[in-house]
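J.: Dropping in final_18.cif, with mmCIF, C-alpha atoms.
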data_coords
loop_
_atom_site.group_PDB
_atom_site.id
_atom_site.type_symbol
_atom_site.label_atom_id
_atom_site.label_comp_id
_atom_site.auth_asym_id
_atom_site.auth_seq_id
_atom_site.Cartn_x
_atom_site.Cartn_y
_atom_site.Cartn_z
ATOM 1 C CA MET A 1 149.077 265.730 161.631
ATOM 2 C CA LYS A 2 146.563 262.905 161.972
ATOM 3 C CA LEU A 3 143.313 263.453 163.850
ATOM 4 C CA SER A 4 140.397 261.088 164.412
ATOM 5 C CA TYR A 5 137.064 261.967 162.825
ATOM 6 C CA ARG A 6 135.502 261.614 166.287
ATOM 7 C CA THR A 7 137.721 264.379 167.704
ATOM 8 C CA ALA A 8 137.255 266.581 164.632
ATOM 9 C CA GLY A 9 133.493 266.038 164.549
ATOM 10 C CA TRP A 10 132.883 266.823 168.212
ATOM 11 C CA SER A 11 135.213 269.813 167.997
ATOM 12 C CA ALA A 12 133.153 271.194 165.106
ATOM 13 C CA ILE A 13 129.899 270.642 166.989
ATOM 14 C CA SER A 14 131.363 272.266 170.114
ATOM 15 C CA SER A 15 132.439 275.228 167.981
ATOM 16 C CA GLY A 16 128.893 275.566 166.666
ATOM 17 C CA ILE A 17 127.355 275.460 170.151
ATOM 18 C CA THR A 18 129.884 278.015 171.391
ATOM 19 C CA GLY A 19 129.041 280.235 168.418
ATOM 20 C CA ILE A 20 125.338 280.104 169.272
ATOM 21 C CA MET A 21 126.088 281.110 172.866
ATOM 22 C CA ALA A 22 128.279 283.977 171.592
ATOM 23 C CA ILE A 23 125.421 285.184 169.369
ATOM 24 C CA LEU A 24 123.084 285.226 172.384
ATOM 25 C CA LEU A 25 125.655 287.355 174.236
ATOM 26 C CA LEU A 26 125.804 289.706 171.244
ATOM 27 C CA ILE A 27 122.024 290.057 171.296
ATOM 28 C CA GLY A 28 122.246 290.811 175.020
ATOM 29 C CA TYR A 29 124.893 293.447 174.362
ATOM 30 C CA LEU A 30 122.795 295.121 171.669
ATOM 31 C CA SER A 31 119.753 295.222 173.953
ATOM 32 C CA LEU A 32 121.711 296.680 176.904
ATOM 33 C CA ARG A 33 123.992 298.988 174.940
ATOM 34 C CA GLY A 34 121.919 302.069 175.604
ATOM 35 C CA SER A 35 121.010 301.354 179.228
ATOM 36 C CA SER A 36 124.344 300.537 180.900
ATOM 37 C CA THR A 37 127.861 301.209 179.623
ATOM 38 C CA ASP A 38 129.458 298.826 182.127
ATOM 39 C CA ASN A 39 127.107 295.938 181.310
ATOM 40 C CA GLY A 40 127.524 296.568 177.592
ATOM 41 C CA GLU A 41 131.327 296.480 177.791
ATOM 42 C CA PHE A 42 131.273 293.328 179.918
ATOM 43 C CA LEU A 43 128.995 291.551 177.424
ATOM 44 C CA THR A 44 131.222 292.732 174.564
ATOM 45 C CA TRP A 45 134.192 291.081 176.249
ATOM 46 C CA LEU A 46 132.191 287.900 176.848
ATOM 47 C CA TYR A 47 131.105 287.868 173.198
ATOM 48 C CA SER A 48 134.703 288.327 172.037
ATOM 49 C CA ALA A 49 135.808 285.490 174.329
ATOM 50 C CA GLY A 50 133.041 283.322 172.872
ATOM 51 C CA VAL A 51 134.162 284.030 169.285
ATOM 52 C CA LEU A 52 137.748 283.310 170.341
ATOM 53 C CA LEU A 53 136.728 279.879 171.653
ATOM 54 C CA GLU A 54 134.496 279.243 168.632
ATOM 55 C CA PHE A 55 137.382 279.742 166.190
ATOM 56 C CA THR A 56 139.841 277.837 168.381
ATOM 57 C CA LEU A 57 137.536 274.815 168.346
ATOM 58 C CA LEU A 58 137.354 275.047 164.556
ATOM 59 C CA ILE A 59 141.048 274.156 164.221
ATOM 60 C CA PRO A 60 140.684 270.372 164.915
ATOM 61 C CA ALA A 61 137.534 270.360 162.770
ATOM 62 C CA ILE A 62 139.380 271.822 159.786
ATOM 63 C CA ILE A 63 142.256 269.370 160.245
ATOM 64 C CA GLY A 64 139.717 266.535 160.089
ATOM 65 C CA LEU A 65 138.027 268.128 157.079
ATOM 66 C CA TYR A 66 141.373 268.370 155.299
ATOM 67 C CA GLN A 67 142.053 264.672 155.941
ATOM 68 C CA PHE A 68 138.550 263.802 154.735
ATOM 69 C CA SER A 69 139.029 265.821 151.526
ATOM 70 C CA GLN A 70 141.996 263.656 150.490
ATOM 71 C CA ARG A 71 139.620 260.792 149.691
ATOM 72 C CA MET A 72 138.685 262.345 146.360
ATOM 73 C CA PRO A 73 141.073 264.372 144.179
ATOM 74 C CA PRO A 74 141.891 267.163 143.967
ATOM 75 C CA GLY A 75 140.975 267.600 147.654
ATOM 76 C CA ILE A 76 142.118 270.551 149.770
ATOM 77 C CA SER A 77 145.754 271.233 148.939
ATOM 78 C CA LYS A 78 148.370 271.505 151.681
ATOM 79 C CA ALA A 79 148.965 275.176 150.833
ATOM 80 C CA LEU A 80 145.240 275.955 150.984
ATOM 81 C CA PHE A 81 144.901 274.072 154.267
ATOM 82 C CA ASN A 82 147.851 275.916 155.824
ATOM 83 C CA SER A 83 146.420 279.259 154.675
ATOM 84 C CA TRP A 84 143.014 278.397 156.152
ATOM 85 C CA ILE A 85 144.536 277.426 159.501
ATOM 86 C CA GLY A 86 146.698 280.553 159.363
ATOM 87 C CA SER A 87 143.635 282.750 158.871
ATOM 88 C CA ILE A 88 142.080 281.250 162.011
ATOM 89 C CA PHE A 89 145.208 282.003 164.024
ATOM 90 C CA PHE A 90 145.061 285.560 162.607
ATOM 91 C CA VAL A 91 141.486 285.863 163.941
ATOM 92 C CA ILE A 92 142.497 284.432 167.335
ATOM 93 C CA ILE A 93 145.491 286.763 167.709
ATOM 94 C CA SER A 94 143.348 289.766 166.716
ATOM 95 C CA LEU A 95 140.781 288.846 169.367
ATOM 96 C CA LEU A 96 143.469 288.391 172.026
ATOM 97 C CA LEU A 97 144.871 291.844 171.185
ATOM 98 C CA LEU A 98 141.404 293.319 171.587
ATOM 99 C CA PHE A 99 141.307 292.747 175.375
ATOM 100 C CA PRO A 100 144.332 294.957 176.197
ATOM 101 C CA LYS A 101 142.932 297.470 173.650
ATOM 102 C CA ILE A 102 145.871 297.110 171.270
ATOM 103 C CA VAL A 103 143.448 296.828 168.336
ATOM 104 C CA SER A 104 139.926 298.164 167.846
ATOM 105 C CA ASP A 105 136.856 296.055 168.568
ATOM 106 C CA VAL A 106 136.210 295.577 164.821
ATOM 107 C CA PHE A 107 139.798 294.849 163.725
ATOM 108 C CA TYR A 108 139.303 291.051 163.994
ATOM 109 C CA MET A 109 136.653 291.245 161.265
ATOM 110 C CA PHE A 110 139.419 291.788 158.690
ATOM 111 C CA PRO A 111 141.052 288.359 159.276
ATOM 112 C CA GLU A 112 137.538 286.901 159.427
ATOM 113 C CA GLY A 113 137.179 288.133 155.841
ATOM 114 C CA VAL A 114 140.346 286.240 154.890
ATOM 115 C CA PHE A 115 138.912 283.156 156.635
ATOM 116 C CA GLY A 116 135.696 283.541 154.630
ATOM 117 C CA GLY A 117 137.507 283.655 151.296
ATOM 118 C CA LEU A 118 139.464 280.515 152.167
ATOM 119 C CA LEU A 119 136.275 278.797 153.360
ATOM 120 C CA ILE A 120 134.809 279.298 149.893
ATOM 121 C CA ALA A 121 138.001 278.036 148.226
ATOM 122 C CA CYS A 122 138.066 274.903 150.401
ATOM 123 C CA ASN A 123 134.356 274.252 149.847
ATOM 124 C CA LEU A 124 135.029 274.078 146.121
ATOM 125 C CA ARG A 125 137.433 271.181 146.855
ATOM 126 C CA LEU A 126 134.757 269.240 148.776
ATOM 127 C CA GLN A 127 132.392 268.639 145.867
ATOM 128 C CA GLY A 128 131.286 265.025 145.802
ATOM 129 C CA LEU A 129 132.265 264.502 149.438
ATOM 130 C CA VAL A 130 129.627 266.526 151.277
ATOM 131 C CA PRO A 131 125.971 267.206 150.380
ATOM 132 C CA ARG A 132 125.358 270.003 147.901
ATOM 133 C CA GLY A 133 123.242 271.925 150.417
ATOM 134 C CA LEU A 134 126.114 271.925 152.906
ATOM 135 C CA LEU A 135 128.481 273.128 150.182
ATOM 136 C CA TRP A 136 126.176 276.045 149.409
ATOM 137 C CA LEU A 137 125.849 276.832 153.099
ATOM 138 C CA GLY A 138 129.636 277.029 153.344
ATOM 139 C CA MET A 139 129.697 279.377 150.342
ATOM 140 C CA VAL A 140 127.121 281.675 151.944
ATOM 141 C CA VAL A 141 129.021 281.700 155.254
ATOM 142 C CA GLY A 142 132.276 282.479 153.440
ATOM 143 C CA ALA A 143 130.655 285.326 151.486
ATOM 144 C CA GLY A 144 129.226 286.701 154.731
ATOM 145 C CA PHE A 145 132.648 286.822 156.352
ATOM 146 C CA ILE A 146 134.104 288.519 153.270
ATOM 147 C CA LEU A 147 131.502 291.270 153.735
ATOM 148 C CA LEU A 148 132.460 291.520 157.411
ATOM 149 C CA GLY A 149 136.128 291.759 156.476
ATOM 150 C CA MET A 150 135.379 294.686 154.190
ATOM 151 C CA PHE A 151 133.884 296.707 157.061
ATOM 152 C CA PRO A 152 137.005 297.697 159.065
ATOM 153 C CA LEU A 153 139.099 298.151 155.923
ATOM 154 C CA GLY A 154 136.441 300.240 154.182
ATOM 155 C CA PHE A 155 135.841 302.220 157.369
ATOM 156 C CA ALA A 156 139.539 303.065 157.615
ATOM 157 C CA LEU A 157 139.676 304.140 153.958
ATOM 158 C CA PHE A 158 136.441 306.138 153.674
ATOM 159 C CA VAL A 159 135.343 307.126 157.206
ATOM 160 C CA ASP A 160 138.055 307.070 159.879
ATOM 161 C CA LYS A 161 141.326 305.163 160.188
ATOM 162 C CA ALA A 162 140.500 304.280 163.830
ATOM 163 C CA SER A 163 139.114 300.845 162.832
ATOM 164 C CA MET A 164 142.571 299.642 161.725
ATOM 165 C CA GLN A 165 144.720 301.802 163.978
ATOM 166 C CA ILE A 166 147.277 300.233 166.355
ATOM 167 C CA PRO A 167 147.141 300.879 169.255
ATOM 168 C CA ALA A 168 143.373 301.311 169.445
ATOM 169 C CA VAL A 169 142.085 304.839 169.951
ATOM 170 C CA ALA A 170 139.511 305.862 172.556
ATOM 171 C CA PRO A 171 135.834 305.506 171.484
ATOM 172 C CA LYS A 172 134.510 308.559 169.667
ATOM 173 C CA GLU A 173 131.713 309.702 167.389
ATOM 174 C CA PHE A 174 132.166 308.997 163.684
ATOM 175 C CA PRO A 175 130.563 310.906 160.799
ATOM 176 C CA MET A 176 127.485 309.152 159.436
ATOM 177 C CA ASN A 177 128.319 309.826 155.795
ATOM 178 C CA SER A 178 127.143 307.753 152.841
ATOM 179 C CA ALA A 179 130.212 305.469 153.021
ATOM 180 C CA ASN A 180 129.510 304.754 156.697
ATOM 181 C CA VAL A 181 125.887 303.885 155.903
ATOM 182 C CA VAL A 182 126.865 301.522 153.059
ATOM 183 C CA LEU A 183 129.526 299.839 155.193
ATOM 184 C CA HIS A 184 126.980 299.227 157.946
ATOM 185 C CA TYR A 185 124.765 297.494 155.364
ATOM 186 C CA PHE A 186 127.764 295.260 154.608
ATOM 187 C CA LEU A 187 128.170 294.673 158.354
ATOM 188 C CA PHE A 188 124.509 293.734 158.750
ATOM 189 C CA ALA A 189 124.468 291.390 155.734
ATOM 190 C CA GLY A 190 127.773 289.822 156.732
ATOM 191 C CA SER A 191 126.542 289.243 160.277
ATOM 192 C CA ILE A 192 123.435 287.435 159.019
ATOM 193 C CA MET A 193 125.258 285.332 156.416
ATOM 194 C CA GLY A 194 128.496 284.721 158.310
ATOM 195 C CA VAL A 195 128.157 285.085 162.073
ATOM 196 C CA LEU A 196 124.666 283.591 162.369
ATOM 197 C CA LEU A 197 125.213 280.709 159.930
ATOM 198 C CA LEU A 198 128.769 279.659 160.879
ATOM 199 C CA PRO A 199 127.549 277.687 163.944
ATOM 200 C CA LEU A 200 125.052 275.815 161.760
ATOM 201 C CA TRP A 201 127.757 275.007 159.188
ATOM 202 C CA ALA A 202 130.130 273.832 161.935
ATOM 203 C CA ILE A 203 127.504 271.564 163.531
ATOM 204 C CA LEU A 204 126.546 270.009 160.183
ATOM 205 C CA ILE A 205 130.209 269.498 159.232
ATOM 206 C CA GLY A 206 130.719 267.882 162.645
ATOM 207 C CA ARG A 207 127.832 265.496 162.038
ATOM 208 C CA LYS A 208 129.263 264.600 158.622
ATOM 209 C CA LEU A 209 132.678 263.809 160.139
ATOM 210 C CA LEU A 210 131.119 261.737 162.931
ATOM 211 C CA LYS A 211 129.244 259.672 160.337
ATOM 212 C CA GLU A 212 132.610 258.726 158.849
ATOM 213 C CA ILE A 213 133.314 256.739 162.045
ATOM 214 C CA ILE A 214 130.457 254.430 161.084
ATOM 215 C CA THR A 215 131.170 254.184 157.350
ATOM 216 C CA THR A 216 134.944 253.635 157.567
#
Do you think you could lay out the structure here as structure tokens?
T.:
Amino acid sequence: MKLSYRTAGWSAISSGITGIMAILLLIGYLSLRGSSTDNGEFLTWLYSAGVLLEFTLLIPAIIGLYQFSQRMPPGISKALFNSWIGSIFFVIISLLLLFPKIVSDVFYMFPEGVFGGLLIACNLRLQGLVPRGLLWLGMVVGAGFILLGMFPLGFALFVDKASMQIPAVAPKEFPMNSANVVLHYFLFAGSIMGVLLLPLWAILIGRKLLKEIITT
């Protein structure tokens, strides 16, 4: 599937802008969580919709990045590319299933962890094609999403299986044991490294792809 660098670049930048808007909604949710249940749930849905759009817009960007990687061997392999795209569809499907409450509101973090691992693998194939700083940024973002992906899985194993249960169970209080505390540290670190920095990575990747219009 051929895609112009212009389309891929602007899609990446649009994904980054959407991600920033989603983060602002998340901040709004966290600030209103204790004051109004209805407002908090509405903002949660808006945030989830924002993440859904953010990852959807990443698909053309990754197609363009795959094409760009073929300029210098070994490049991103077809199998690695298909796995990376597949992980994004896994995230999208998980988010869509969240709205009818088929899965829990943290279930989608597990496929985000898969996405993060593949982001690191693909970054290793981009050496010599993108600036070193951007490569390291991609590594940090990937590691952040791996930490996020560990949260629902670890929660199900050591705290309560509700995080991975299908269909989703009604909200309830969970024991704040040592495993829960450690997993929330993972969640915090992963949110900083992955969620907050993914928009920046997407925007910078978009700029790099748009520059290829001029140089090719």
J.: Which polymer residues, protein or nucleic acid, are no farther than 12 Å from (127.8, 287.7, 151.5), counting all atoms listed in the file, as a ChimeraX atom specification?
T.: /A:113,116-117,120,136-150,185-195,197
J.: What residues come out when you apply the PyMOL selection byres ((chain A and resi 13) around 8) to this file, written as a ChimeraX atom specification?
T.: /A:9-12,14-17,202-207
J.: If the PyMOL selection byres ((chain A and resi 8) around 9) is run on the structure shown, which residues does it catch, given as a ChimeraX atom specification?
T.: /A:3-7,9-13,58-65,206,209-210
J.: Env of A:Leu97: 12 Å cut, atoms = only C-alpha atoms, seq-sep filter 2 positions within chain, self excluded. Answer as a list in words.
T.: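 With the cut-off at 12 Å, the set is Trp45, Ser48, Ala49, Leu52, Phe90, Val91, Ile92, Ile93, Ser94, Leu95, Phe99, Pro100, Lys101, Ile102, Val103, Ser104, Asp105, Val106, Phe107, Tyr108, Ile166, Pro167 and Ala168 of chain A.
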J.: Given the file shown, enumerate the residues that the PyMOL selection byres ((chain A and resi 71) around 12) captures and present them as a PDB file with C-alpha atoms, keeping the file's coordinate frame.
T.:
ATOM      1  CA  GLY A  64     139.717 266.535 160.089  1.00  0.00           C
ATOM      2  CA  LEU A  65     138.027 268.128 157.079  1.00  0.00           C
ATOM      3  CA  TYR A  66     141.373 268.370 155.299  1.00  0.00           C
ATOM      4  CA  GLN A  67     142.053 264.672 155.941  1.00  0.00           C
ATOM      5  CA  PHE A  68     138.550 263.802 154.735  1.00  0.00           C
ATOM      6  CA  SER A  69     139.029 265.821 151.526  1.00  0.00           C
ATOM      7  CA  GLN A  70     141.996 263.656 150.490  1.00  0.00           C
ATOM      8  CA  MET A  72     138.685 262.345 146.360  1.00  0.00           C
ATOM      9  CA  PRO A  73     141.073 264.372 144.179  1.00  0.00           C
ATOM     10  CA  PRO A  74     141.891 267.163 143.967  1.00  0.00           C
ATOM     11  CA  GLY A  75     140.975 267.600 147.654  1.00  0.00           C
ATOM     12  CA  ILE A  76     142.118 270.551 149.770  1.00  0.00           C
ATOM     13  CA  ARG A 125     137.433 271.181 146.855  1.00  0.00           C
ATOM     14  CA  LEU A 126     134.757 269.240 148.776  1.00  0.00           C
ATOM     15  CA  GLN A 127     132.392 268.639 145.867  1.00  0.00           C
ATOM     16  CA  GLY A 128     131.286 265.025 145.802  1.00  0.00           C
ATOM     17  CA  LEU A 129     132.265 264.502 149.438  1.00  0.00           C
ATOM     18  CA  VAL A 130     129.627 266.526 151.277  1.00  0.00           C
ATOM     19  CA  GLU A 212     132.610 258.726 158.849  1.00  0.00           C
ATOM     20  CA  THR A 216     134.944 253.635 157.567  1.00  0.00           C
TER      21      THR A 216
END
